[in-house]
Structures are given as C-alpha cells and as structure tokens.
Amino acid sequence: MAHKPPNFDGLFTVYGQHTFLTSSIELWYRKCIRDNPFTLDCLIIKISWYKKQNGVEHEFLWFDILSPDRVHTSIVIAERDAIQPTDTIAPLDTTAGAVTPPDAITPSFSSQDITEDSTISSADESGLHRSTHDLVSYTTLDSSASAELEWKCKKAAQICMLMFPEGVGLSANELATLLYVTSKHEPTYTITNTQCYWFVDTVFEALKSLFLGAQQDIVNHRGGMWNRVQICTKESVDEVCGKYHAAQTALAEKAEQKHRAEQQQEERQQEREQHQVAEEVVKREHEKCQVAEEQHQAAEEQCQAVEEQHQAVEEQCQAAEEQCQAAEERTWEMEEERERECQAVEEWAQEWRKKGKGNARRQRKGHRKWKKKGKGNARWQKKRSHSCSRN
C-alpha cells in the first residue's frame with residue numbers, strides 16, 4: 001500500500017481527489033507556502049517550459065517538486081493570463097482556505113480563450129492594458145487529479161527543461177517567493193511586453209541566475225515566439241532578482257524575529273518549567289524536611305519515652321533499693337530486737353536460775369513436809385475407814 005502524500009496545502013492533494021486545485025499566485029504564496037516551514041524541505045528537481053501549439057501559443061512553466069521524504073512528487077503549473085472584460089473572477093476567499101477549486105478560477109492554459117481566441121495575439125496592436133491573472137495549479141503526481149492536469153496540457157509541447165541536481169537546493173518556498181515578486185513586479189498585462197511570454201522567460205532566467213548549478217538542456221528554443229516571430233518582452237530579470245533577494249532577506253529577518261520570539265518564548269517557558277521544577281524540588285525538599293522533622297520529633301518522643309521508661313526503671317530500682325534498705329533495716333532491727341530478747345531471756349534465765357535454786361530447796365522441804373503430812377493423813381483415813389466398817 002502506497003504511503004499517503006504529505007498534507008501540504010498548495011503542493012500535494014490526496015490520491016482520492018479527482019480534480020487538481022488552482023489559486024492565484026498571491027493567495028497561494030501568502031496562505032499556503034510562505035509561512036509553512038515544511039516547504040523549505042520540498043525541493044524542485046525539474047522545471048519544464050511548455051508552449052501551446054495553436055492559438056496565441058500560450059506558454060507556462062511546469063515544476064516537479066519532491067516531498068520532504070523524497071517519496072511523492074508534486075506538480076505545480078505557473079502561468080500568466082489577462083483578465084478579459086467579460087471575465088468574472090471569484091473573489092479571493094481569505095477565510096475559507098488557501099485555494100480555490102478549478103471550477104471557480106479556470107486556468108488559462110486549458111481555456112478556449114487561450115487556445116482558440118485570436119483577439120489576444122502578438123499581432124494585436126490595440127495596446128490594451130489589462131489586470132493580470134497569474135495562477136498556479138497543483139496536484140500530486142500519479143493521482144487521478146494529475147492525470148486530468150496532464151490531459152489539459154496535452155496540446156502543449158515541452159520546449160526547454162531546467163534540471164536541479166542534488167546539492168542545488170531550490171525549495172518550493174523560494175520558488176513561491178520568486179513567482180510572487182515576478183507577478184507583483186509587473187501587475188499589468190500588456191500585449192507588447194508583459195504577457196505570458198515575459199512571465200515565463202523572466203522566471204526561467206531568474207532561476208538560472210539565482211541558482212548557478214541548474215542545468216538547461218536546450219538553449220535555442222521557440223520560447224517567446226508567436227508564429228515563428230520573436231515577441232518583444234521587457235527585460236526584468238535583474239530587477240526581479242533584486243526584489244527576490246529583498247523579499248528573501250525580509251523573510252529571513254521575519255523568520256529570525258519569529259525564531260528569536262519563539263526562542264525567547266521557549267526560554268521563558270523553560271525558565272517557567274525550571275522555576276516550576278525548582279519549586280517542586282523545594283516543595284519535595286520541604287516535604288522531606290517536614291518528614292525528617294516529624295521523624296526526628298517521633299525519635300525524640302521515642303527517646304523521651306525511653307528516658308521516661310528508664311527513669312521509671314530507675315525509680316523502680318530506687319524504690320527496690322529503698323525497700324531492700326528498709327528490709328535490711330527491719331532485719332537489723334529484728335536481729336537487734338531478737339538479740340535484746342535473747343539477752344533478756346538469758347538474763348531472765350539467769351535470774352530464774354538464781355531464784356530457782358532457792359525455790360528448789362523450799363520445794364524439797366515442802367515436799368518432805370507434805371510427805372510426812374500425807375503419811376499421817378493416810379493413817380488417819382485408814383483408821384477412820386476401819387472404824388466405819390465396824391459400825
């Protein structure tokens with residue numbers, strides 16, 4: 001499947017389109033080509049000079065232009081015609097788009113006025129001055145529209161060709177500038193010197209002068225002749241080249257200004273982006289610092305909690321020590337108290353032992369008395385019981 005042609009207004013048309021497109025050179029230059037940077041990469045490889053074989057032998061230029069990817073070729077035809085008194089030209093629509101369909105503006109190389117009308121010829125000495133009708137028609141090569149465009153040109157013969165080898169960079173943008181300044185240089189159509197012959201010859205010779213590497217195949221040709229008679233044309237190549245250089249300089253300055261403005265805007269955008277990035281970095285750093293502070297605060301809180309725990313442990317240890325000390329003190333007190341008790345017991349025991357010896361003597365004496373008394377009582381009880389038994 002073939003690649004689609006590039007979407008460039010003014011040079012290429014889609015394959016499905018069946019009619020070529022036509023526009024005035026001024027509108028084509030201003031709206032389609034001048035401010036389109038991609039047209040700087042569309043290079044002209046061949047320029048063909050065509051001449052009709054009948055009528056006023058109308059002449060026009062055919063340009064073969066490569067797309068930036070060098071895959072597709074655009075056909076552009078440039079020509080000059082005069083606006084007839086009965087012609088009605090559609091006004092240039094500067095809002096709807098860049099081009100006007102061929103039904104609205106009929107290219108002169110395909111009109112009956114050029115091929116058949118004998119009222120406009122080099123033999124006409126009426127000296128009429130008319131407004132120019134400078135047009136371009138374009139389409140993509142090998143499309144339905146290009147077949148129609150080639151059929152419109154079948155009655156014309158190629159009388160000369162200018163080739164641009166690789167390294168000779170004539171772009172579509174530069175070509176459009178040259179066509180525009182040439183059209184504006186002589187905006188009035190005159191039969192004697194600024195007709196289609198002048199337009200084609202001026203553009204062709206200016207291209208040879210501006211791009212020295214271009215190669216022309218046929219030098220002596222029938223260009224500028226009608227009925228084998230050379231028609232006078234105004235010599236304008238040097239002036240057109242000067243205006244071309246001025247226009248290119250102005251375009252370069254405008255492009256430079258635009259580039260500087262874009263560069264400044266890009267720099268400002270980069271500065272804004274860098275500022276935004278810096279703000280984001282600062283924000284992230286602030287967030288990191290905040291997180292670090294929170295972590296530090298959490299660590300301090302943990303340390304404080306650990307210190308509190310340590311303090312509580314120390315307090316517990318201190319309380320335990322105090323309890324141990326108190327226990328030791330109670331133990332000492334109990335031991336002292338026990339020693340005192342033991343000492344008191346020992347003293348009491350000693351005292352008791354001392355008292356006990358005297359008591360023992362008294363007890364022994366009392367025991368002996370008791371025994372004696374007891375024996376007496378026993379005898380008395382025995383006697384009494386014996387006496388009672390007798391009675």
# chains A, B, ... in the order shown; residues from 1 in each chain; ligands from 1
>>> select_by_dssp(residues="stretch 222-321 of chain A", states="strand (DSSP E)", output="MDAnalysis selection string")
chainID A and resid 225:226 229:230
>>> residues_around(residues="A:Ile231", least_positions_apart="4", cutoff="8 Å", atoms="only C-alpha atoms", output="PyMOL selection string")
chain A and resi 122+192-193+197+224-226
>>> atom_distance(atom1="atom CA of A:Glu148", atom2="atom CA of A:Glu205")
28.8 Å
>>> atom_distance(atom1="atom CA of A:His58", atom2="atom CA of A:Met163")
22.3 Å
>>> closest_atom_pairs(of="stretch 23-83 of chain A", to="stretch 249-260 of chain A", cutoff="10 Å", atoms="only C-alpha atoms", output="tab-separated table")
residue	atom	partner	partner_atom	distance
A:Arg34	CA	A:Leu251	CA	8.5
A:Asp35	CA	A:Ala255	CA	8.9
A:Pro37	CA	A:Ala255	CA	9.7
>>> residues_around(residues="stretch 238-243 of chain A", least_positions_apart="6", cutoff="8 Å", atoms="only C-alpha atoms", output="PDB file with C-alpha atoms, in the first residue's frame")
ATOM      1  CA  LEU A 178      10.153  34.286  -6.996  1.00  0.00           C
ATOM      2  CA  VAL A 181       7.750  39.037  -6.768  1.00  0.00           C
ATOM      3  CA  THR A 182       7.633  38.455 -10.539  1.00  0.00           C
ATOM      4  CA  HIS A 185       6.799  43.423 -10.427  1.00  0.00           C
ATOM      5  CA  THR A 202      11.616  36.169 -16.536  1.00  0.00           C
ATOM      6  CA  ALA A 206      15.887  34.433 -12.898  1.00  0.00           C
ATOM      7  CA  SER A 209      20.726  33.494 -12.439  1.00  0.00           C
ATOM      8  CA  LEU A 210      19.881  32.759  -8.828  1.00  0.00           C
TER       9      LEU A 210
END
>>> atom_distance(atom1="atom CA of A:Phe199", atom2="atom CA of A:Ala247")
18.3 Å
>>> select_by_dssp(residues="stretch 89-305 of chain A", states="alpha helix (DSSP H)", output="number ranges by chain")
A: 112-115, 144-152, 172-185, 196-210, 237-305
>>> write_last_selection(atoms="C-alpha atoms", output="mmCIF file, in the first residue's frame")
data_model
loop_
_atom_site.group_PDB
_atom_site.id
_atom_site.type_symbol
_atom_site.label_atom_id
_atom_site.label_comp_id
_atom_site.auth_asym_id
_atom_site.auth_seq_id
_atom_site.Cartn_x
_atom_site.Cartn_y
_atom_site.Cartn_z
ATOM 1 C CA GLN A 112 -10.807 28.266 -25.000
ATOM 2 C CA ASP A 113 -9.794 31.914 -24.728
ATOM 3 C CA ILE A 114 -6.142 30.946 -24.954
ATOM 4 C CA THR A 115 -6.243 28.048 -27.362
ATOM 5 C CA SER A 144 -6.427 10.999 -10.660
ATOM 6 C CA ALA A 145 -6.060 14.752 -10.464
ATOM 7 C CA SER A 146 -2.591 14.674 -12.027
ATOM 8 C CA ALA A 147 -3.935 12.649 -14.969
ATOM 9 C CA GLU A 148 -6.530 15.356 -15.531
ATOM 10 C CA LEU A 149 -3.888 18.076 -15.307
ATOM 11 C CA GLU A 150 -1.619 16.267 -17.782
ATOM 12 C CA TRP A 151 -4.534 15.825 -20.178
ATOM 13 C CA LYS A 152 -5.192 19.594 -20.035
ATOM 14 C CA ALA A 172 9.190 25.307 -3.024
ATOM 15 C CA ASN A 173 9.317 28.232 -0.613
ATOM 16 C CA GLU A 174 11.966 30.018 -2.687
ATOM 17 C CA LEU A 175 10.090 29.272 -5.911
ATOM 18 C CA ALA A 176 6.874 30.714 -4.484
ATOM 19 C CA THR A 177 8.756 33.882 -3.479
ATOM 20 C CA LEU A 178 10.153 34.286 -6.996
ATOM 21 C CA LEU A 179 6.758 33.731 -8.631
ATOM 22 C CA TYR A 180 5.187 36.237 -6.244
ATOM 23 C CA VAL A 181 7.750 39.037 -6.768
ATOM 24 C CA THR A 182 7.633 38.455 -10.539
ATOM 25 C CA SER A 183 3.848 38.737 -10.537
ATOM 26 C CA LYS A 184 3.969 41.874 -8.404
ATOM 27 C CA HIS A 185 6.799 43.423 -10.427
ATOM 28 C CA CYS A 196 2.753 35.197 -20.588
ATOM 29 C CA TYR A 197 5.987 35.126 -22.653
ATOM 30 C CA TRP A 198 7.529 37.746 -20.374
ATOM 31 C CA PHE A 199 6.361 35.973 -17.232
ATOM 32 C CA VAL A 200 7.753 32.557 -18.200
ATOM 33 C CA ASP A 201 11.027 33.929 -19.559
ATOM 34 C CA THR A 202 11.616 36.169 -16.536
ATOM 35 C CA VAL A 203 11.010 33.361 -14.035
ATOM 36 C CA PHE A 204 13.114 30.892 -16.042
ATOM 37 C CA GLU A 205 16.087 33.223 -16.489
ATOM 38 C CA ALA A 206 15.887 34.433 -12.898
ATOM 39 C CA LEU A 207 16.115 30.838 -11.712
ATOM 40 C CA LYS A 208 19.211 30.307 -13.851
ATOM 41 C CA SER A 209 20.726 33.494 -12.439
ATOM 42 C CA LEU A 210 19.881 32.759 -8.828
ATOM 43 C CA VAL A 237 15.411 39.623 -14.735
ATOM 44 C CA ASP A 238 17.864 41.752 -12.757
ATOM 45 C CA GLU A 239 15.100 43.777 -11.113
ATOM 46 C CA VAL A 240 13.132 40.647 -10.245
ATOM 47 C CA CYS A 241 16.282 39.026 -8.803
ATOM 48 C CA GLY A 242 16.855 42.139 -6.703
ATOM 49 C CA LYS A 243 13.292 42.058 -5.413
ATOM 50 C CA TYR A 244 13.648 38.331 -4.789
ATOM 51 C CA HIS A 245 16.746 38.922 -2.654
ATOM 52 C CA ALA A 246 14.969 41.745 -0.807
ATOM 53 C CA ALA A 247 11.951 39.509 -0.205
ATOM 54 C CA GLN A 248 14.142 36.643 0.948
ATOM 55 C CA THR A 249 16.048 38.994 3.243
ATOM 56 C CA ALA A 250 12.775 40.290 4.663
ATOM 57 C CA LEU A 251 11.535 36.730 5.084
ATOM 58 C CA ALA A 252 14.813 35.737 6.704
ATOM 59 C CA GLU A 253 14.576 38.702 9.082
ATOM 60 C CA LYS A 254 10.963 37.859 9.808
ATOM 61 C CA ALA A 255 11.881 34.220 10.306
ATOM 62 C CA GLU A 256 14.778 35.301 12.532
ATOM 63 C CA GLN A 257 12.476 37.561 14.525
ATOM 64 C CA LYS A 258 9.952 34.751 14.765
ATOM 65 C CA HIS A 259 12.736 32.364 15.716
ATOM 66 C CA ARG A 260 14.012 34.790 18.351
ATOM 67 C CA ALA A 261 10.479 35.309 19.626
ATOM 68 C CA GLU A 262 9.928 31.557 19.700
ATOM 69 C CA GLN A 263 13.326 31.108 21.291
ATOM 70 C CA GLN A 264 12.553 33.775 23.879
ATOM 71 C CA GLN A 265 9.155 32.211 24.448
ATOM 72 C CA GLU A 266 10.816 28.813 24.685
ATOM 73 C CA GLU A 267 13.409 30.233 27.073
ATOM 74 C CA ARG A 268 10.656 31.795 29.135
ATOM 75 C CA GLN A 269 8.793 28.524 29.006
ATOM 76 C CA GLN A 270 11.969 26.711 30.025
ATOM 77 C CA GLU A 271 12.502 29.263 32.791
ATOM 78 C CA ARG A 272 8.917 28.734 33.935
ATOM 79 C CA GLU A 273 9.399 24.992 33.756
ATOM 80 C CA GLN A 274 12.735 25.250 35.559
ATOM 81 C CA HIS A 275 11.145 27.539 38.127
ATOM 82 C CA GLN A 276 8.303 25.079 38.453
ATOM 83 C CA VAL A 277 10.772 22.210 38.726
ATOM 84 C CA ALA A 278 12.758 24.220 41.294
ATOM 85 C CA GLU A 279 9.562 24.918 43.208
ATOM 86 C CA GLU A 280 8.694 21.232 43.054
ATOM 87 C CA VAL A 281 12.217 20.364 44.208
ATOM 88 C CA VAL A 282 11.929 22.906 47.027
ATOM 89 C CA LYS A 283 8.496 21.543 47.824
ATOM 90 C CA ARG A 284 9.820 17.990 47.826
ATOM 91 C CA GLU A 285 12.786 19.073 49.949
ATOM 92 C CA HIS A 286 10.396 20.892 52.270
ATOM 93 C CA GLU A 287 8.275 17.762 52.449
ATOM 94 C CA LYS A 288 11.407 15.720 53.074
ATOM 95 C CA CYS A 289 12.469 18.180 55.776
ATOM 96 C CA GLN A 290 8.993 18.066 57.243
ATOM 97 C CA VAL A 291 9.064 14.267 57.175
ATOM 98 C CA ALA A 292 12.576 14.365 58.666
ATOM 99 C CA GLU A 293 11.368 16.768 61.342
ATOM 100 C CA GLU A 294 8.393 14.533 62.044
ATOM 101 C CA GLN A 295 10.709 11.527 62.180
ATOM 102 C CA HIS A 296 13.105 13.489 64.385
ATOM 103 C CA GLN A 297 10.211 14.551 66.566
ATOM 104 C CA ALA A 298 8.978 10.963 66.670
ATOM 105 C CA ALA A 299 12.523 9.840 67.505
ATOM 106 C CA GLU A 300 12.735 12.470 70.223
ATOM 107 C CA GLU A 301 9.379 11.324 71.538
ATOM 108 C CA GLN A 302 10.627 7.754 71.459
ATOM 109 C CA CYS A 303 13.824 8.850 73.211
ATOM 110 C CA GLN A 304 11.750 10.756 75.715
ATOM 111 C CA ALA A 305 9.554 7.702 76.202
#
>>> closest_residue(among="A:Gln343, A:Ser48, A:Ser131, A:Thr140", to="A:Asp217", atoms="only C-alpha atoms")
A:Ser48
>>> closest_residue(among="A:Leu27, A:Cys42, A:Ala82, A:Leu135", to="A:Ser67", atoms="only C-alpha atoms")
A:Cys42
>>> closest_residue(among="A:Gly55, A:Val306, A:Leu141, A:Asn36", to="A:Asn227", atoms="only C-alpha atoms")
A:Gly55
